[in-house]
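Visitor: Pasting in a structure now, in structure tokens, and then I'll have a few things to ask.
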Amino acid sequence: MKLVGKLVAVFRVAAGLTQAQLADHVSVQVETVASIEQGRRALLPDLARRMDELLDTKGALATAVENMPEVDLVPAWAEQYMDLEREALALSWYDNQVLPGLLQTEAYARVVFRNRVPVFSEEKIAIQTASRLERQEILHRSAPPTISFVIWEPVLLLQLLDDEAHAGQLRHLRTCAALPGVSLQVLPLSHRAHAGLDGPFTLLETPDYQQVAYSETQRGSLLVSDPDEISILSQKYAMLRAQALSPEDTLGLLDRLLGEQ
């Protein structure tokens, strides 16, 4: 990624363009160009092709992206995803293990990190929890992204906290569901069809209108920009939303769960 970013910078300078001018010509934000040139953000195939055409680089950038080593396509950590999340125009999020990080209370986030194996130190737990809560800033912006959440019902029933804190988390979900641009749906246990049995994933729309997917495994994370894979996950998410309770019925389910506390 750093090598590709350096190539973008070299070709841009050779063409006599500033980062802002390049960003304007290819219809992205200047921060996107800066992040790519610094190797902090992947150059996606469609954007690489547009840059090649503009900079007259005879397909050099598109070829570099197509031949990225696998180790660079599967980042070891989630920092790159967090950059994308902060800038996203829209997110579509499916979870079947724990609540989405953007919807977690401090107590819930802390206990999730405390359950990690190998264990985190208390200092590391505090740092990770604070970082997770900072990410939730995007929900409260004056112009927030459009975010759709589908959560499998067992996630709501998994009681990692005591009764009071668990109820607090459920109330927090109700509060988040009322935020502008947020849609929350629960896929009930009683439903006989389930399009998300392969595991959780998130779809993002970037500021330059590209589609990216993100998923986590036991030992790493995966960012996907291949159009075929994005299409498959988009179909899965559309089916999950159809199978899940409506946002209104989801609030009713949360109310029933709170009434049982």
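Letters A, B, ... go to the chains of the structure tokens in the order shown; residues in each chain start at 1; ligands are counted from 1 in the same order.
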Just want the 9 Å neighbourhood of Tyr237 (chain A), counted on only C-alpha atoms, with same-chain residues fewer than 6 positions away dropped. Output as a ChimeraX atom specification.

Guide: /A:92-94,150,195-196,203

Visitor: Find the residues of region 45-161 of chain A that sit at most 10 Å from region 6-15 of chain A; for each, write down the nearest two atoms and how far apart they are in Å, to one decimal. Count only C-alpha atoms. Sort by chain, then by number going up, and give it as JSON lines.

Guide:
{"residue": "A:Ala48", "atom": "CA", "partner": "A:Val8", "partner_atom": "CA", "distance": 9.0}
{"residue": "A:Met51", "atom": "CA", "partner": "A:Val8", "partner_atom": "CA", "distance": 8.3}
{"residue": "A:Asp52", "atom": "CA", "partner": "A:Phe11", "partner_atom": "CA", "distance": 9.1}
{"residue": "A:Leu54", "atom": "CA", "partner": "A:Ala15", "partner_atom": "CA", "distance": 9.1}
{"residue": "A:Leu55", "atom": "CA", "partner": "A:Ala15", "partner_atom": "CA", "distance": 6.3}
{"residue": "A:Asp56", "atom": "CA", "partner": "A:Ala15", "partner_atom": "CA", "distance": 8.7}
{"residue": "A:Thr57", "atom": "CA", "partner": "A:Phe11", "partner_atom": "CA", "distance": 7.5}
{"residue": "A:Ala60", "atom": "CA", "partner": "A:Leu7", "partner_atom": "CA", "distance": 8.9}
{"residue": "A:Leu61", "atom": "CA", "partner": "A:Val8", "partner_atom": "CA", "distance": 7.5}
{"residue": "A:Ala64", "atom": "CA", "partner": "A:Leu7", "partner_atom": "CA", "distance": 9.3}

Visitor: Using the selection just defined, write its residues with all heavy atoms as a PDB file, in the first residue's frame.

Guide:
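File produced: part_21.pdb:
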ATOM      1  N   ALA A  48      -8.192   3.719  -9.183  1.00  0.00           N
ATOM      2  CA  ALA A  48      -6.900   3.544  -9.842  1.00  0.00           C
ATOM      3  C   ALA A  48      -7.033   3.752 -11.347  1.00  0.00           C
ATOM      4  O   ALA A  48      -6.191   4.410 -11.982  1.00  0.00           O
ATOM      5  CB  ALA A  48      -6.340   2.159  -9.539  1.00  0.00           C
ATOM      6  N   MET A  51      -7.463   7.455 -12.100  1.00  0.00           N
ATOM      7  CA  MET A  51      -6.193   8.167 -11.962  1.00  0.00           C
ATOM      8  C   MET A  51      -5.269   7.870 -13.139  1.00  0.00           C
ATOM      9  O   MET A  51      -4.586   8.770 -13.660  1.00  0.00           O
ATOM     10  CB  MET A  51      -5.512   7.787 -10.647  1.00  0.00           C
ATOM     11  CG  MET A  51      -6.161   8.383  -9.413  1.00  0.00           C
ATOM     12  SD  MET A  51      -5.185   8.008  -7.920  1.00  0.00           S
ATOM     13  CE  MET A  51      -6.083   8.961  -6.692  1.00  0.00           C
ATOM     14  N   ASP A  52      -5.241   6.609 -13.581  1.00  0.00           N
ATOM     15  CA  ASP A  52      -4.412   6.248 -14.734  1.00  0.00           C
ATOM     16  C   ASP A  52      -4.813   7.058 -15.963  1.00  0.00           C
ATOM     17  O   ASP A  52      -3.958   7.558 -16.706  1.00  0.00           O
ATOM     18  CB  ASP A  52      -4.549   4.752 -15.043  1.00  0.00           C
ATOM     19  CG  ASP A  52      -3.617   3.883 -14.206  1.00  0.00           C
ATOM     20  OD1 ASP A  52      -2.533   4.368 -13.824  1.00  0.00           O
ATOM     21  OD2 ASP A  52      -3.979   2.729 -13.942  1.00  0.00           O
ATOM     22  N   LEU A  54      -6.424   9.976 -16.038  1.00  0.00           N
ATOM     23  CA  LEU A  54      -6.137  11.392 -15.846  1.00  0.00           C
ATOM     24  C   LEU A  54      -4.648  11.689 -15.953  1.00  0.00           C
ATOM     25  O   LEU A  54      -4.228  12.670 -16.589  1.00  0.00           O
ATOM     26  CB  LEU A  54      -6.661  11.844 -14.474  1.00  0.00           C
ATOM     27  CG  LEU A  54      -6.281  13.267 -14.053  1.00  0.00           C
ATOM     28  CD1 LEU A  54      -6.999  14.288 -14.922  1.00  0.00           C
ATOM     29  CD2 LEU A  54      -6.599  13.495 -12.576  1.00  0.00           C
ATOM     30  N   LEU A  55      -3.816  10.834 -15.330  1.00  0.00           N
ATOM     31  CA  LEU A  55      -2.376  11.085 -15.245  1.00  0.00           C
ATOM     32  C   LEU A  55      -1.606  10.502 -16.422  1.00  0.00           C
ATOM     33  O   LEU A  55      -0.376  10.645 -16.480  1.00  0.00           O
ATOM     34  CB  LEU A  55      -1.836  10.511 -13.929  1.00  0.00           C
ATOM     35  CG  LEU A  55      -2.479  11.079 -12.652  1.00  0.00           C
ATOM     36  CD1 LEU A  55      -1.990  10.308 -11.424  1.00  0.00           C
ATOM     37  CD2 LEU A  55      -2.186  12.563 -12.501  1.00  0.00           C
ATOM     38  N   ASP A  56      -2.320   9.823 -17.326  1.00  0.00           N
ATOM     39  CA  ASP A  56      -1.706   9.215 -18.512  1.00  0.00           C
ATOM     40  C   ASP A  56      -0.579   8.262 -18.116  1.00  0.00           C
ATOM     41  O   ASP A  56       0.537   8.320 -18.648  1.00  0.00           O
ATOM     42  CB  ASP A  56      -1.171  10.304 -19.443  1.00  0.00           C
ATOM     43  CG  ASP A  56      -0.815   9.748 -20.831  1.00  0.00           C
ATOM     44  OD1 ASP A  56      -1.393   8.711 -21.221  1.00  0.00           O
ATOM     45  OD2 ASP A  56       0.061  10.328 -21.499  1.00  0.00           O
ATOM     46  N   THR A  57      -0.884   7.368 -17.187  1.00  0.00           N
ATOM     47  CA  THR A  57       0.122   6.434 -16.669  1.00  0.00           C
ATOM     48  C   THR A  57      -0.010   5.038 -17.257  1.00  0.00           C
ATOM     49  O   THR A  57       0.564   4.078 -16.741  1.00  0.00           O
ATOM     50  CB  THR A  57       0.051   6.376 -15.130  1.00  0.00           C
ATOM     51  OG1 THR A  57      -1.318   6.250 -14.711  1.00  0.00           O
ATOM     52  CG2 THR A  57       0.633   7.630 -14.529  1.00  0.00           C
ATOM     53  N   ALA A  60      -0.626   1.832 -15.101  1.00  0.00           N
ATOM     54  CA  ALA A  60       0.346   1.424 -14.081  1.00  0.00           C
ATOM     55  C   ALA A  60      -0.305   1.245 -12.710  1.00  0.00           C
ATOM     56  O   ALA A  60      -0.025   0.273 -12.002  1.00  0.00           O
ATOM     57  CB  ALA A  60       1.485   2.439 -14.005  1.00  0.00           C
ATOM     58  N   LEU A  61      -1.169   2.189 -12.336  1.00  0.00           N
ATOM     59  CA  LEU A  61      -1.784   2.102 -11.001  1.00  0.00           C
ATOM     60  C   LEU A  61      -2.779   0.953 -10.927  1.00  0.00           C
ATOM     61  O   LEU A  61      -2.811   0.223  -9.924  1.00  0.00           O
ATOM     62  CB  LEU A  61      -2.460   3.422 -10.656  1.00  0.00           C
ATOM     63  CG  LEU A  61      -1.520   4.622 -10.485  1.00  0.00           C
ATOM     64  CD1 LEU A  61      -2.310   5.906 -10.273  1.00  0.00           C
ATOM     65  CD2 LEU A  61      -0.558   4.387  -9.320  1.00  0.00           C
ATOM     66  N   ALA A  64      -0.862  -2.204 -10.578  1.00  0.00           N
ATOM     67  CA  ALA A  64      -0.299  -2.354  -9.229  1.00  0.00           C
ATOM     68  C   ALA A  64      -1.356  -2.834  -8.249  1.00  0.00           C
ATOM     69  O   ALA A  64      -1.113  -3.723  -7.431  1.00  0.00           O
ATOM     70  CB  ALA A  64       0.301  -1.027  -8.769  1.00  0.00           C
TER      71      ALA A  64
END

Visitor: I need the residues in region 166-207 of chain A that are strand (DSSP E or B) according to DSSP; give them as a ChimeraX atom specification.

Guide: /A:182-187,201-205

Visitor: List every residue of region 3-133 of chain A that DSSP, applied to the backbone, labels as alpha helix (DSSP H), and write the result as a PyMOL selection string.

Guide: chain A and resi 3-14+19-25+30-37+45-55+60-66+70-73+79-87+106-114+122-133

Visitor: Considering only C-alpha atoms, state which residue in the set A:Ile230, A:Ala62, A:Leu251, A:Leu240 is at the smallest distance from Glu205 (chain A).

Guide: A:Ile230

Visitor: Residues within 8 Å of Gln243 (chain A), please, as a list in words. Count only C-alpha atoms; anything in the same chain fewer than 4 positions from it doesn't count.

Guide: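 The contact residues come out as Leu187, His191, Ala193, His194 and Met239 of chain A.
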
Visitor: List as a ChimeraX atom specification the protein and nucleic acid residues near Ile127 (chain A), meaning an atom at most 12 Å away when only C-alpha atoms are counted, but skip any in the same chain fewer than 3 places from it.

Guide: /A:106,109-110,113-114,120-124,130-134

Visitor: Emit the selected residues as a CSV table (one decimal), in the first residue's frame, including all heavy atoms.

Guide:
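selection_11.csv was written with the following content:
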chain,number,residue,atom,x,y,z
A,106,GLU,N,-20.5,1.7,27.5
A,106,GLU,CA,-19.1,1.5,28.0
A,106,GLU,C,-19.0,0.2,28.7
A,106,GLU,O,-18.0,-0.5,28.6
A,106,GLU,CB,-18.8,2.7,28.9
A,106,GLU,CG,-17.4,2.6,29.5
A,106,GLU,CD,-17.0,3.8,30.3
A,106,GLU,OE1,-17.8,4.7,30.5
A,106,GLU,OE2,-15.9,3.8,30.9
A,109,ALA,N,-18.8,-2.7,26.2
A,109,ALA,CA,-17.6,-2.7,25.5
A,109,ALA,C,-16.5,-3.3,26.4
A,109,ALA,O,-15.6,-4.1,26.0
A,109,ALA,CB,-17.2,-1.3,25.0
A,110,ARG,N,-16.5,-2.8,27.6
A,110,ARG,CA,-15.4,-3.2,28.6
A,110,ARG,C,-15.5,-4.7,28.8
A,110,ARG,O,-14.4,-5.4,28.8
A,110,ARG,CB,-15.6,-2.5,29.9
A,110,ARG,CG,-14.4,-2.6,30.9
A,110,ARG,CD,-14.7,-1.8,32.1
A,110,ARG,NE,-14.7,-0.3,31.8
A,110,ARG,CZ,-13.6,0.4,31.6
A,110,ARG,NH1,-12.4,-0.1,31.8
A,110,ARG,NH2,-13.7,1.7,31.3
A,113,PHE,N,-14.1,-6.8,25.8
A,113,PHE,CA,-12.6,-6.8,25.8
A,113,PHE,C,-12.1,-7.6,27.0
A,113,PHE,O,-11.0,-8.3,26.8
A,113,PHE,CB,-12.0,-5.4,25.9
A,113,PHE,CG,-12.2,-4.6,24.6
A,113,PHE,CD1,-12.9,-3.4,24.6
A,113,PHE,CD2,-11.8,-5.1,23.4
A,113,PHE,CE1,-13.1,-2.7,23.4
A,113,PHE,CE2,-12.0,-4.4,22.2
A,113,PHE,CZ,-12.6,-3.2,22.2
A,114,ARG,N,-12.8,-7.7,28.1
A,114,ARG,CA,-12.3,-8.5,29.2
A,114,ARG,C,-12.4,-10.0,28.9
A,114,ARG,O,-11.7,-10.8,29.5
A,114,ARG,CB,-13.1,-8.1,30.5
A,114,ARG,CG,-12.6,-8.8,31.7
A,114,ARG,CD,-13.1,-8.1,33.0
A,114,ARG,NE,-12.4,-6.9,33.3
A,114,ARG,CZ,-12.9,-5.7,33.4
A,114,ARG,NH1,-14.2,-5.5,33.3
A,114,ARG,NH2,-12.1,-4.6,33.7
A,120,PHE,N,-6.4,-9.3,27.9
A,120,PHE,CA,-5.8,-8.0,27.9
A,120,PHE,C,-5.5,-7.6,29.3
A,120,PHE,O,-6.2,-7.9,30.3
A,120,PHE,CB,-6.8,-7.0,27.3
A,120,PHE,CG,-6.8,-6.9,25.8
A,120,PHE,CD1,-8.0,-6.6,25.1
A,120,PHE,CD2,-5.7,-7.3,25.0
A,120,PHE,CE1,-8.0,-6.5,23.7
A,120,PHE,CE2,-5.7,-7.2,23.6
A,120,PHE,CZ,-6.9,-6.8,23.0
A,121,SER,N,-4.5,-6.7,29.5
A,121,SER,CA,-4.3,-6.1,30.8
A,121,SER,C,-5.4,-5.0,31.0
A,121,SER,O,-6.1,-4.6,30.1
A,121,SER,CB,-3.0,-5.3,30.8
A,121,SER,OG,-3.0,-4.2,29.9
A,122,GLU,N,-5.6,-4.6,32.3
A,122,GLU,CA,-6.6,-3.6,32.6
A,122,GLU,C,-6.4,-2.3,31.8
A,122,GLU,O,-7.3,-1.7,31.4
A,122,GLU,CB,-6.7,-3.4,34.1
A,122,GLU,CG,-7.3,-4.5,34.9
A,122,GLU,CD,-8.8,-4.7,34.4
A,122,GLU,OE1,-9.5,-3.8,34.3
A,122,GLU,OE2,-9.1,-5.9,34.2
A,123,GLU,N,-5.1,-2.0,31.7
A,123,GLU,CA,-4.7,-0.8,30.9
A,123,GLU,C,-5.2,-0.9,29.5
A,123,GLU,O,-5.7,0.0,28.9
A,123,GLU,CB,-3.2,-0.5,31.0
A,123,GLU,CG,-2.8,0.7,30.3
A,123,GLU,CD,-1.3,0.9,30.3
A,123,GLU,OE1,-0.6,0.0,30.8
A,123,GLU,OE2,-0.8,2.0,29.9
A,124,LYS,N,-4.9,-2.1,28.9
A,124,LYS,CA,-5.3,-2.3,27.5
A,124,LYS,C,-6.8,-2.3,27.3
A,124,LYS,O,-7.3,-1.7,26.3
A,124,LYS,CB,-4.7,-3.6,27.0
A,124,LYS,CG,-4.9,-4.0,25.5
A,124,LYS,CD,-4.2,-3.1,24.6
A,124,LYS,CE,-4.2,-3.6,23.2
A,124,LYS,NZ,-3.5,-2.7,22.2
A,130,ALA,N,-12.1,3.0,25.4
A,130,ALA,CA,-12.2,4.4,25.1
A,130,ALA,C,-12.2,4.6,23.5
A,130,ALA,O,-12.9,5.4,23.0
A,130,ALA,CB,-11.0,5.1,25.7
A,131,SER,N,-11.3,3.8,22.8
A,131,SER,CA,-11.3,3.9,21.4
A,131,SER,C,-12.6,3.5,20.8
A,131,SER,O,-13.1,4.2,19.8
A,131,SER,CB,-10.2,3.0,20.9
A,131,SER,OG,-10.1,3.0,19.4
A,132,ARG,N,-13.3,2.5,21.3
A,132,ARG,CA,-14.6,2.1,20.8
A,132,ARG,C,-15.6,3.2,21.0
A,132,ARG,O,-16.4,3.4,20.1
A,132,ARG,CB,-15.0,0.8,21.4
A,132,ARG,CG,-16.3,0.3,20.9
A,132,ARG,CD,-16.5,-1.2,21.1
A,132,ARG,NE,-15.6,-1.9,20.2
A,132,ARG,CZ,-15.4,-3.3,20.1
A,132,ARG,NH1,-16.2,-4.0,20.9
A,132,ARG,NH2,-14.6,-3.8,19.3
A,133,LEU,N,-15.6,3.8,22.1
A,133,LEU,CA,-16.6,4.8,22.4
A,133,LEU,C,-16.4,6.0,21.5
A,133,LEU,O,-17.4,6.7,21.1
A,133,LEU,CB,-16.6,5.2,23.9
A,133,LEU,CG,-17.0,4.1,24.9
A,133,LEU,CD1,-16.8,4.6,26.3
A,133,LEU,CD2,-18.4,3.5,24.6
A,134,GLU,N,-15.1,6.4,21.2
A,134,GLU,CA,-14.8,7.5,20.4
A,134,GLU,C,-15.4,7.3,19.0
A,134,GLU,O,-15.8,8.3,18.3
A,134,GLU,CB,-13.3,7.7,20.3
A,134,GLU,CG,-12.7,8.3,21.5
A,134,GLU,CD,-11.2,8.4,21.5
A,134,GLU,OE1,-10.6,8.1,20.4
A,134,GLU,OE2,-10.6,8.7,22.5
